[in-house]
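Asker: Here it is, the structure, as structure tokens.
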Amino acid sequence: MEDPAAPGAGSVSTNGNGNGGGKGKQTAPKGREAFRSQRRESEGSVDCPTLEFEYGDADGHAAELSELYSYTENLEFTTNRRCFEEDFKTQVQGREWLELEEDAQKAYVMGLLDRLEVVSRERRLKVARAVLYLAQGTFGECDSEVDVLHWSRYNCFLLYQMGTFSAFLELLHMEIDNSQACSSALRKPAISIADSTELRVLLSVMYLLVENIRLERETDSCRWRTARETFRTELSFSMHNEEPFALLLFSMVTKFCSGLAPHFPIKKVLLLLWKVVMFTLGGFEHLQVLKVQKRAELGLPPLAEDSIQVVKSMRAASPPSYTLDLGESQLAPPPSKLRGRRGSRRQLLTKQDSLDIYNERDLFKTEEPATEEEEESAGDGERTLDGELDLLEQDPLVPPPPSQAPLSAERVSFPKGLPWAPKVRDTDTLVGLPRPIHESVKTLKQHKYISIADVQIKNEEDLEKCPMSLGEEVVPETPCEILYQGMLYSLPQYMIALLKILLAAAPTSKAKTDSINILADVLPEEMPITVLQSMKLGIDVNRHKEIIVKSISALLLLLLKHFKLNHIYQFEYVSQHLVFANCIPLILKFFNQNILSYITAKNRPVPFSASCSISALDYPCCTIQDLPELTTESLEAGDNNQFCWRNLFSCINLLRLLNKLTKWKHSRTMMLVVFKSAPILKRALKVKQAMLQLYVLKLLKIQTKYLGRQWRKSNMKTMSAIYQKVRHRMNDDWAYGNDVDARPWDFQAEECTLRANIEAFNSRRYDKPQDSEFSPVDNCLQSVLGQRLDLPEDFHYSYELWLEREVFSQPICWEELLQNH
């Protein structure tokens with residue numbers, strides 16, 4: 001069956017077959033002209049208002065619960081209710097669940113968990129569905145969506161206190177190791193949701209427990225708060241000699257990507273993994289608290305800013321108007337004629353002076369149109385990205401190793417009108433600073449900003465130089481540290497698997513026979529036969545892919561931020577393997593589409609469907625109201641939202657991820673230049689959302705010295721926006737430096753140094769003590785010979801053969817042995 005989502009539908013066709021036509025001079029545009037006209041028609045015609053978007057850890061509670069289910073699964077809500085009611089009537093006579101006292105509810109749940117331990121797979125599934133109905137809020141006894149969400153949360157706390165999570169964890173281990181289900185799925189030509197029924201039920205219960213208990217409210221009782229902390233500890237640390245729960249989910253992701261378990265419901269696995277990491281390690285607000293605590297422990301001055309809070313106070317700039325630019329470019333004389341005209345020169349100077357009045361002007365209102373050179377770059381960049389990502393689907397590419405770690409930065413009071421305090425990375429040199437500034441350097445040093453990473457790098461250098469005198473490092477057993485230790489030796493496989501799934505879910509990806517199938521838990525057993533059913537499935541598939549992108553982008557960003565706070569080299573190790581797995585070209589390929597249409601979902605072109613969701617089919621609405629009769633008009637109308645929250649959230653996360661990978665890394669910045677990212681990123685500025693624009697401008701800022709003077713001259717509005725919105729670093733020559741001849745391999749030494757530092761860190765902290773050259777040596781012959789070694793069982797049977805083959809039959813030349821020593 002052809003994919004209803006039509007991967008790659010958002011990309012612009014460059015085949016030159018334009019829609020225009022006519023007689024005489026009005027001929028159809030071809031080649032590059034068709035590319036330019038189509039872009040302006042599809043992107044310039046949409047006027048995007050300022051998006052009222054508030055960035056956070058996740059969307060609203062109801063939205064996060066609804067994204068767990070695909071629309072194809074809606075019929076199973078009725079199945080879950082029926083299984084519960086059949087079981088409940090056999091245990092409780094004449095009463096409903098909400099009418100029972102708490103003790104009676106606990107007794108019934110205990111009975112349910114006892115009935116889970118049956119041999120019959122079918123009976124066990126029915127009991128698991130009854131538990132799932134409780135976790136879903138016993139919607140058959142509720143009158144409103146608010147009631148469903150309330151009772152879902154109440155029931156989840158009750159289920160956890162009775163040991164439901166541990167019971168379902170055992171069942172999950174059984175299903176993961178179920179070789180029969182794996183082999184059955186491998187033999188099928190097409191996999192559907194029927195192949196993952198048991199896994200979907202188990203993962204849904206566990207997700208509802210995590211998401212409902214994770215949510216904190218002021219009205220929560222002390223017993224609920226205690227249960228939350230107990231659950232957090234249970235998920236964070238190894239319990240009963242088992243690995244942390246997040247590592248089990250990571251192993252499911254790699255097993256799915258390896259092709260050994262194609263029936264795994266990967267969307268549910270990724271959502272649960274993201275929420276478990278967020279619950280155990282903490283969200284963005286908790287990260288800020290941890291950062292303040294860590295700086296205090298290291299004796300560093302407190303932070304003066306919270307990046308997310310600063311961005312919330314910023315105003316979005318107006319996007320470029322490609323339609324206006326087209327008209328202006330046709331009327332304006334060529335630059336060669338402007339050089340000899342005083343009036344034009346005066347107008348240009350006036351226009352340049354007006355850039356300073358940025359608080360009252362739209363920064364991109366009259367941005368210059370993309371030149372032919374830029375558009376050629378965009379086309380070449382897309383072809384280059386396709387080539388790089390083809391390698392991702394086969395084997396991980398190992399490009400030049402990553403580069404230097406972030407260094408220190410300085411903080412001074414910022415001028416009025418600028419949102420960020422300027423920083424200085426280096427006060428040992430005065431290169432680039434005028435003479436009057438020299439006297440101010442003493443003052444700057446008094447306010448020098450030292451990051452946590454600077455202290456950690458310095459400590460690591462000291463431990464490498466003086467391992468004996470400084471002694472063994474004491475490493476706190478935090479949830480983040482335990483997670484890193486568990487991920488360490490399989491981390492490359494984890495990162496490759498996540499990026500493969502992200503590539504398959506990206507709207508710009510083209511369908512390929514060798515790519516992984518991420519639609520196993522959304523496609524029904526019977527394919528749609530009507531146009532209406534096909535439209536509904538198309539919306540469901542697009543929604544499914546968007547949720548996968550959202551969960552992976554948020555998961556990777558959380559991991560990077562927590563590892564960077566825990567230790568800078570843990571962050572660099574993860575970043576290194578993301579770069580090795582082609583994460584940079586993958587993110588650029590994701591943004592090489594009509595991002596405005598992707599975010600404002602109702603404006604999407606036809607193959608994308610009309611809406612990012614169907615509100616009537618979302619949980620919990622679909623459990624309370626009778627499903628309305630869906631029509632083509634209702635599907636095309638979609639909802640009344642100004643934008644799709646999850647898509648904007650995903651775009652910001654991916655931009656933040658790209659910033660973290662490239663910040664202060666010259667070779668990775670050069671990758672942005674080589675992949676022609678500037679025109680791709682500039683098109684994303686059309687989205688009027690301050691946070692998204694900020695991270696786009698940051699990515700453009702780090703490239704400007706490599707793009708050259710001509711690029712800066714023709715993109716002065718973008719340069720002005722960078723000056724207004726991005727933090728100033730006083731010794732940074734981004735606005736005037738020129739290094740257009742630089743190449744990625746020019747910075748190979750920095751990459752190799754960083755890689756060596758990472759390997760030294762991992763070896764020193766995590767290798768076994770007996771592998772260390774500083775471990776004590778036992779010189780007593782009797783002690784050494786008296787040690788008991790654990791030998792494998794088959795060694796006893798083959799010992800005599802081994803002696804004969806390796807000892808008795810081998811001649812010993814004593815002269816050579818003595819000479820060698």
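Ordering of the structure tokens sets the chain letters (A, B, ...), residue numbers begin anew at 1 in every chain, and ligands are numbered from 1 in the order given.
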Need the shell around Arg214 of chain A: protein/DNA/RNA residues with any atom at most 12 Å away, counting only C-alpha atoms. Skip same-chain ones fewer than 6 positions apart. Format as number ranges by chain?
Answerer: A: 57-58, 61, 153, 156-157, 206-208, 220, 224-232, 235, 272, 275-283
Asker: When distances are computed from only C-alpha atoms, which of A:Ala506, A:Leu681, A:Glu633, A:Lys445 shows the smallest separation from Leu532 of chain A?
Answerer: A:Glu633
Asker: Looking at only C-alpha atoms, which of A:Val119, A:Leu672, A:Leu627, A:Leu694 is the one that sits closest to Arg743 of chain A?
Answerer: A:Leu672
Asker: Which residues are close to segment 652-665 of chain A, i.e. within 8 Å by only C-alpha atoms, leaving aside same-chain residues fewer than 2 positions away? Reply as an NGL selection string.
Answerer: :A and (402-406 or 553-554 or 556-557 or 575 or 579 or 584 or 587 or 648-650 or 667-669 or 691-692 or 695-696 or 698-699 or 702)
Asker: Please produce a file of the residues just selected, as a JSON list (two decimals), in the first residue's frame, where the atoms kept are N, CA, C and O atoms.
Answerer:
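Result file is again_11.json:
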```json
[["chain", "number", "residue", "atom", "x", "y", "z"],
["A", 402, "PRO", "N", 34.29, 15.40, 16.89],
["A", 402, "PRO", "CA", 33.80, 16.70, 17.35],
["A", 402, "PRO", "C", 34.93, 17.58, 17.86],
["A", 402, "PRO", "O", 36.07, 17.19, 17.93],
["A", 403, "SER", "N", 34.54, 18.80, 18.29],
["A", 403, "SER", "CA", 35.59, 19.78, 18.59],
["A", 403, "SER", "C", 35.60, 20.21, 20.04],
["A", 403, "SER", "O", 35.11, 19.54, 20.92],
["A", 404, "GLN", "N", 36.10, 21.43, 20.26],
["A", 404, "GLN", "CA", 36.44, 21.88, 21.59],
["A", 404, "GLN", "C", 35.23, 22.06, 22.48],
["A", 404, "GLN", "O", 34.13, 22.33, 22.01],
["A", 405, "ALA", "N", 35.44, 21.92, 23.78],
["A", 405, "ALA", "CA", 34.36, 22.11, 24.75],
["A", 405, "ALA", "C", 34.11, 23.58, 24.96],
["A", 405, "ALA", "O", 34.97, 24.41, 24.71],
["A", 406, "PRO", "N", 32.89, 23.94, 25.42],
["A", 406, "PRO", "CA", 32.61, 25.35, 25.66],
["A", 406, "PRO", "C", 33.55, 25.93, 26.71],
["A", 406, "PRO", "O", 33.82, 25.31, 27.72],
["A", 553, "SER", "N", 12.82, 14.59, 19.68],
["A", 553, "SER", "CA", 13.49, 15.88, 19.82],
["A", 553, "SER", "C", 13.55, 16.31, 21.29],
["A", 553, "SER", "O", 14.58, 16.80, 21.76],
["A", 554, "ALA", "N", 12.45, 16.12, 22.02],
["A", 554, "ALA", "CA", 12.43, 16.49, 23.44],
["A", 554, "ALA", "C", 13.34, 15.58, 24.26],
["A", 554, "ALA", "O", 14.04, 16.03, 25.18],
["A", 556, "LEU", "N", 16.13, 13.91, 23.24],
["A", 556, "LEU", "CA", 17.53, 14.21, 22.98],
["A", 556, "LEU", "C", 17.95, 15.52, 23.66],
["A", 556, "LEU", "O", 19.05, 15.62, 24.22],
["A", 557, "LEU", "N", 17.08, 16.52, 23.61],
["A", 557, "LEU", "CA", 17.41, 17.80, 24.23],
["A", 557, "LEU", "C", 17.55, 17.65, 25.75],
["A", 557, "LEU", "O", 18.49, 18.18, 26.36],
["A", 575, "SER", "N", 27.05, 14.18, 22.27],
["A", 575, "SER", "CA", 27.07, 15.06, 21.11],
["A", 575, "SER", "C", 27.93, 14.48, 20.00],
["A", 575, "SER", "O", 27.57, 14.54, 18.82],
["A", 579, "VAL", "N", 26.70, 13.61, 16.17],
["A", 579, "VAL", "CA", 27.34, 14.15, 14.97],
["A", 579, "VAL", "C", 27.83, 13.02, 14.07],
["A", 579, "VAL", "O", 27.67, 13.07, 12.85],
["A", 584, "ILE", "N", 23.38, 16.51, 12.24],
["A", 584, "ILE", "CA", 23.34, 17.88, 11.71],
["A", 584, "ILE", "C", 22.65, 17.94, 10.36],
["A", 584, "ILE", "O", 21.70, 18.71, 10.17],
["A", 587, "ILE", "N", 18.76, 17.30, 10.76],
["A", 587, "ILE", "CA", 17.95, 18.42, 11.23],
["A", 587, "ILE", "C", 17.79, 19.45, 10.12],
["A", 587, "ILE", "O", 16.70, 20.02, 9.92],
["A", 648, "LEU", "N", 5.37, 23.08, 16.53],
["A", 648, "LEU", "CA", 6.19, 24.22, 16.90],
["A", 648, "LEU", "C", 7.17, 23.82, 18.01],
["A", 648, "LEU", "O", 8.34, 24.22, 18.00],
["A", 649, "PHE", "N", 6.70, 23.03, 18.96],
["A", 649, "PHE", "CA", 7.56, 22.51, 20.04],
["A", 649, "PHE", "C", 8.71, 21.69, 19.45],
["A", 649, "PHE", "O", 9.86, 21.84, 19.86],
["A", 650, "SER", "N", 8.41, 20.84, 18.47],
["A", 650, "SER", "CA", 9.44, 20.01, 17.85],
["A", 650, "SER", "C", 10.46, 20.86, 17.13],
["A", 650, "SER", "O", 11.68, 20.60, 17.21],
["A", 667, "SER", "N", 34.52, 23.06, 13.49],
["A", 667, "SER", "CA", 34.33, 22.09, 12.41],
["A", 667, "SER", "C", 32.85, 21.81, 12.18],
["A", 667, "SER", "O", 32.42, 21.62, 11.04],
["A", 668, "ARG", "N", 32.06, 21.78, 13.25],
["A", 668, "ARG", "CA", 30.63, 21.54, 13.09],
["A", 668, "ARG", "C", 29.93, 22.76, 12.51],
["A", 668, "ARG", "O", 28.96, 22.63, 11.76],
["A", 669, "THR", "N", 30.42, 23.94, 12.86],
["A", 669, "THR", "CA", 29.90, 25.15, 12.23],
["A", 669, "THR", "C", 30.17, 25.12, 10.73],
["A", 669, "THR", "O", 29.32, 25.51, 9.92],
["A", 691, "MET", "N", 10.99, 32.59, 20.29],
["A", 691, "MET", "CA", 11.97, 31.59, 20.67],
["A", 691, "MET", "C", 12.54, 30.87, 19.45],
["A", 691, "MET", "O", 13.75, 30.63, 19.36],
["A", 692, "LEU", "N", 11.69, 30.52, 18.52],
["A", 692, "LEU", "CA", 12.16, 29.87, 17.30],
["A", 692, "LEU", "C", 13.10, 30.79, 16.53],
["A", 692, "LEU", "O", 14.16, 30.37, 16.07],
["A", 695, "TYR", "N", 16.75, 31.02, 18.09],
["A", 695, "TYR", "CA", 17.68, 29.93, 17.84],
["A", 695, "TYR", "C", 18.07, 29.85, 16.37],
["A", 695, "TYR", "O", 19.18, 29.38, 16.04],
["A", 696, "VAL", "N", 17.20, 30.29, 15.47],
["A", 696, "VAL", "CA", 17.60, 30.40, 14.06],
["A", 696, "VAL", "C", 18.69, 31.46, 13.92],
["A", 696, "VAL", "O", 19.70, 31.25, 13.23],
["A", 698, "LYS", "N", 20.76, 32.51, 16.16],
["A", 698, "LYS", "CA", 22.01, 32.03, 16.76],
["A", 698, "LYS", "C", 22.79, 31.18, 15.76],
["A", 698, "LYS", "O", 24.02, 31.29, 15.65],
["A", 699, "LEU", "N", 22.08, 30.31, 15.04],
["A", 699, "LEU", "CA", 22.74, 29.45, 14.06],
["A", 699, "LEU", "C", 23.28, 30.25, 12.89],
["A", 699, "LEU", "O", 24.32, 29.89, 12.31],
["A", 702, "ILE", "N", 26.71, 32.24, 14.05],
["A", 702, "ILE", "CA", 27.99, 31.53, 14.12],
["A", 702, "ILE", "C", 28.56, 31.25, 12.74],
["A", 702, "ILE", "O", 29.74, 30.91, 12.61]]
```
